[in-house]
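**Q** Handing you this structure, nothing more for now.
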Amino acid sequence: MIVIGGEALVDLVPDPSTPDGELGPLHPLLGGGPYNVAIALGRLGVPAAFYAKLSTDQFGDRMLQRLIESEVDISLVQRGPEPTTLAVVGLEANGSARYSFHTEGTAARFVADQPLPDGTTALCLGTLGMVLEPGATAYEKVLFREAERGVFIALDPNIRADLIADADAYRARFSSWLPSVGLLKVSDDDAEWLAPGRDVVEAAREWQARGPAAVVLTRGADGLTAVTADGVVTVPGREVEVADTIGAGDTVQAALLAWLHRNGALAPAEVRALDARQWEQALSFAAAAAAVTVSRPGAEPPWSAELDA
């Protein structure tokens, strides 16, 4: 089983028919980076469990139901009376999204440390789950503990700079995680924020040398790049009419984990053993999955049958 830890939230997305310069209705869509990863993994047929705290409000109820509908294990989900985290989304002309968050006192902050099932083969963490306290400290503790007992750790920092009060402290904390990480996925924007003034591929090389078996860069329309000890592999993005980019990177992370799971490679040694051809296959699968997600509004990852067809 792959366990995914981190926030679930509600994206308030503008109605696409609203004229430019006017305020229109906002549509609530379920999301949050780790939540999207869990949904995508379940839909891709991979045994997955979501480890987070959900509100007992109506949004939390619907989030739980959607996890069940997407065939995600909910045995690690905690519930509480705190409200659901909200993200107000602004969409650019090209479909790219920017966010403003409402996180104070919300359920996502208050996840508690708990043991993971014995059958856990991988743990995937990231986004606000590694920022919002006290939950971030709980997830960090789980990261180090599970890595120590041999669980494969996947990390997607998915930087939300407005919520990081001390950038240097976060960068130092990020660096402390790297020796425990097996797979690191970052967007070009994330890499530029984490290593200001550096070439993103060179920064990825440095991070990979610190611990991860591979670093995968998501580069928008320019595709995906894997940086390993053996070199660099890049595949192009898929051409598709973009509704919005919400959940694209999360789908990439899930698809990479799904590919590794199906190919018996959910361990650092197996990831290091992948050759260039295999990385092309893994990245192409992830690009195809992300193309489906961006073709429809909100974070709606594909089901396995949509990719196999």
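Chain labels A, B, ... are given in the sequence in which chains occur in the structure tokens; within each chain residues are numbered consecutively from 1, and ligands are likewise numbered from 1 in the order shown.
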Tell me, as a PyMOL selection string, which residues lie within 8 Å of Thr218 (chain A), counting only C-alpha atoms; anything in the same chain fewer than 4 positions away does not count.

**A** chain A and resi 185-188+223-225+249

**Q** Keeping only all heavy atoms, write those residues as a PDB file, in the first residue's frame.

**A**
ATOM      1  N   LYS A 185       9.806  15.091  -6.512  1.00  0.00           N
ATOM      2  CA  LYS A 185       9.213  15.731  -7.684  1.00  0.00           C
ATOM      3  C   LYS A 185       9.048  17.210  -7.387  1.00  0.00           C
ATOM      4  O   LYS A 185       8.500  17.592  -6.345  1.00  0.00           O
ATOM      5  CB  LYS A 185       7.846  15.141  -8.025  1.00  0.00           C
ATOM      6  CG  LYS A 185       7.265  15.717  -9.324  1.00  0.00           C
ATOM      7  CD  LYS A 185       5.779  15.551  -9.409  1.00  0.00           C
ATOM      8  CE  LYS A 185       5.026  16.545  -8.566  1.00  0.00           C
ATOM      9  NZ  LYS A 185       5.073  17.945  -9.107  1.00  0.00           N
ATOM     10  N   VAL A 186       9.542  18.045  -8.292  1.00  0.00           N
ATOM     11  CA  VAL A 186       9.405  19.490  -8.134  1.00  0.00           C
ATOM     12  C   VAL A 186       9.059  20.102  -9.484  1.00  0.00           C
ATOM     13  O   VAL A 186       9.480  19.616 -10.532  1.00  0.00           O
ATOM     14  CB  VAL A 186      10.694  20.150  -7.592  1.00  0.00           C
ATOM     15  CG1 VAL A 186      10.962  19.750  -6.162  1.00  0.00           C
ATOM     16  CG2 VAL A 186      11.884  19.822  -8.460  1.00  0.00           C
ATOM     17  N   SER A 187       8.298  21.160  -9.459  1.00  0.00           N
ATOM     18  CA  SER A 187       8.065  21.929 -10.681  1.00  0.00           C
ATOM     19  C   SER A 187       9.247  22.856 -10.902  1.00  0.00           C
ATOM     20  O   SER A 187      10.046  23.120  -9.994  1.00  0.00           O
ATOM     21  CB  SER A 187       6.779  22.738 -10.571  1.00  0.00           C
ATOM     22  OG  SER A 187       6.943  23.788  -9.622  1.00  0.00           O
ATOM     23  N   ASP A 188       9.368  23.381 -12.111  1.00  0.00           N
ATOM     24  CA  ASP A 188      10.391  24.397 -12.374  1.00  0.00           C
ATOM     25  C   ASP A 188      10.254  25.571 -11.400  1.00  0.00           C
ATOM     26  O   ASP A 188      11.250  26.087 -10.879  1.00  0.00           O
ATOM     27  CB  ASP A 188      10.264  24.922 -13.811  1.00  0.00           C
ATOM     28  CG  ASP A 188      11.017  24.058 -14.814  1.00  0.00           C
ATOM     29  OD1 ASP A 188      11.700  23.114 -14.382  1.00  0.00           O
ATOM     30  OD2 ASP A 188      10.923  24.339 -16.019  1.00  0.00           O
ATOM     31  N   GLY A 223       7.238  19.562 -20.830  1.00  0.00           N
ATOM     32  CA  GLY A 223       7.321  18.153 -20.508  1.00  0.00           C
ATOM     33  C   GLY A 223       7.896  17.856 -19.143  1.00  0.00           C
ATOM     34  O   GLY A 223       7.828  18.671 -18.210  1.00  0.00           O
ATOM     35  N   LEU A 224       8.488  16.668 -19.011  1.00  0.00           N
ATOM     36  CA  LEU A 224       9.002  16.166 -17.747  1.00  0.00           C
ATOM     37  C   LEU A 224      10.453  15.751 -17.908  1.00  0.00           C
ATOM     38  O   LEU A 224      10.837  15.203 -18.949  1.00  0.00           O
ATOM     39  CB  LEU A 224       8.192  14.946 -17.288  1.00  0.00           C
ATOM     40  CG  LEU A 224       6.678  15.128 -17.133  1.00  0.00           C
ATOM     41  CD1 LEU A 224       6.024  13.779 -16.859  1.00  0.00           C
ATOM     42  CD2 LEU A 224       6.380  16.098 -16.010  1.00  0.00           C
ATOM     43  N   THR A 225      11.248  15.981 -16.874  1.00  0.00           N
ATOM     44  CA  THR A 225      12.660  15.625 -16.882  1.00  0.00           C
ATOM     45  C   THR A 225      12.989  14.831 -15.628  1.00  0.00           C
ATOM     46  O   THR A 225      12.629  15.243 -14.518  1.00  0.00           O
ATOM     47  CB  THR A 225      13.550  16.876 -16.933  1.00  0.00           C
ATOM     48  OG1 THR A 225      13.339  17.555 -18.164  1.00  0.00           O
ATOM     49  CG2 THR A 225      15.027  16.511 -16.820  1.00  0.00           C
ATOM     50  N   GLY A 249       0.390  18.607 -11.538  1.00  0.00           N
ATOM     51  CA  GLY A 249       1.579  18.069 -10.893  1.00  0.00           C
ATOM     52  C   GLY A 249       1.263  16.931  -9.943  1.00  0.00           C
ATOM     53  O   GLY A 249       2.050  15.968  -9.825  1.00  0.00           O
TER      54      GLY A 249
END

**Q** Using DSSP on the backbone coordinates, identify all residues within region 165-205 of chain A classified as helix (DSSP H, G or I); present the result as a VMD selection string.

**A** chain A and resid 167 to 180 188 to 194 200 to 205

**Q** Excluding Thr120 (chain A) and residues on its chain fewer than 2 positions from it, collect all residues at most 6 Å away from it, counting only C-alpha atoms, and give them as a PyMOL selection string.

**A** chain A and resi 1-2+117-118+122

**Q** Hey, what's within 12 Å of Leu44 (chain A) if we count only C-alpha atoms and toss same-chain stuff fewer than 4 positions away? As a ChimeraX atom specification, please?

**A** /A:37-40,48,70-72,251-252,254-259,261-262,285-286,289,301-308

**Q** List as JSON lines every residue of region 200-273 of chain A that is in contact with region 158-177 of chain A, defined as an atom at most 12 Å from one of its atoms (using only C-alpha atoms), together with the nearest atom pair and the distance in Å rounded to one decimal, sorted by chain and then rising number.

**A**
{"residue": "A:Ala203", "atom": "CA", "partner": "A:Ser175", "partner_atom": "CA", "distance": 11.8}
{"residue": "A:Glu206", "atom": "CA", "partner": "A:Ser175", "partner_atom": "CA", "distance": 10.5}
{"residue": "A:Trp207", "atom": "CA", "partner": "A:Ser175", "partner_atom": "CA", "distance": 8.0}
{"residue": "A:Gln208", "atom": "CA", "partner": "A:Ser175", "partner_atom": "CA", "distance": 11.0}
{"residue": "A:Ala209", "atom": "CA", "partner": "A:Ser175", "partner_atom": "CA", "distance": 11.5}
{"residue": "A:Arg210", "atom": "CA", "partner": "A:Ser175", "partner_atom": "CA", "distance": 8.3}
{"residue": "A:Gly211", "atom": "CA", "partner": "A:Trp177", "partner_atom": "CA", "distance": 8.8}
{"residue": "A:Pro212", "atom": "CA", "partner": "A:Trp177", "partner_atom": "CA", "distance": 9.7}
{"residue": "A:Leu217", "atom": "CA", "partner": "A:Asn158", "partner_atom": "CA", "distance": 11.4}
{"residue": "A:Thr218", "atom": "CA", "partner": "A:Asn158", "partner_atom": "CA", "distance": 10.8}
{"residue": "A:Gly247", "atom": "CA", "partner": "A:Asn158", "partner_atom": "CA", "distance": 10.9}
{"residue": "A:Ala248", "atom": "CA", "partner": "A:Asn158", "partner_atom": "CA", "distance": 11.4}
{"residue": "A:Gly249", "atom": "CA", "partner": "A:Asn158", "partner_atom": "CA", "distance": 8.4}
{"residue": "A:Asp250", "atom": "CA", "partner": "A:Asn158", "partner_atom": "CA", "distance": 8.9}
{"residue": "A:Gln253", "atom": "CA", "partner": "A:Asn158", "partner_atom": "CA", "distance": 10.8}

**Q** Considering only C-alpha atoms, return as a list in words whatever protein or nucleic-acid residues lie within 8 Å of Val271 (chain A), sequence-local ones (same chain, fewer than 5 positions apart) excluded.

**A** Ala213, Ala214, Leu260, Ala265 and Leu266 of chain A

**Q** Those residues you just picked out, can you put them in a file as a short mmCIF file (atom, residue, chain, number, x, y, z; two decimals), in the first residue's frame with N, CA and C atoms?

**A**
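The resulting file, selection.cif, is shown below:
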data_model
loop_
_atom_site.label_atom_id
_atom_site.label_comp_id
_atom_site.auth_asym_id
_atom_site.auth_seq_id
_atom_site.Cartn_x
_atom_site.Cartn_y
_atom_site.Cartn_z
N ALA A 213 16.86 8.83 -5.10
CA ALA A 213 17.28 8.01 -6.24
C ALA A 213 17.02 8.74 -7.54
N ALA A 214 16.01 9.61 -7.56
CA ALA A 214 15.69 10.39 -8.76
C ALA A 214 14.98 11.66 -8.36
N LEU A 260 5.95 2.95 -10.96
CA LEU A 260 6.96 2.26 -10.14
C LEU A 260 6.33 1.05 -9.44
N ALA A 265 9.28 -1.37 -8.65
CA ALA A 265 10.43 -0.49 -8.44
C ALA A 265 10.20 0.53 -7.33
N LEU A 266 9.37 0.19 -6.33
CA LEU A 266 9.12 1.13 -5.24
C LEU A 266 10.17 0.94 -4.14
#

**Q** I'd like the neighbourhood of Glu7 (chain A) as a list in words, where a residue qualifies if any of its atoms comes within 8 Å (using only C-alpha atoms), though same-chain residues fewer than 5 positions away should be ignored.

**A**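 Residues meeting the cut-off are Gly32, Gly33, Pro34, Tyr35, Ala52, Lys53, Ala108, Arg109, Thr127, Leu128 and Gly129 of chain A.
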
**Q** Let's have the selection written as a compact mmCIF listing (two decimals), in the first residue's frame, with C-alpha atoms.

**A**
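For reference, out33.txt as written:
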# COMPACT_ATOMS: atom_id res chain seq x y z
CA GLY A 32 -5.29 19.78 -2.08
CA GLY A 33 -2.05 18.37 -3.49
CA PRO A 34 -1.81 15.17 -1.40
CA TYR A 35 -5.57 14.59 -1.62
CA ALA A 52 -4.89 13.35 6.96
CA LYS A 53 -7.43 15.14 9.12
CA ALA A 108 -5.57 20.20 7.86
CA ARG A 109 -3.29 21.72 10.51
CA THR A 127 2.48 20.71 -0.17
CA LEU A 128 0.80 22.39 2.81
CA GLY A 129 1.13 19.22 4.87
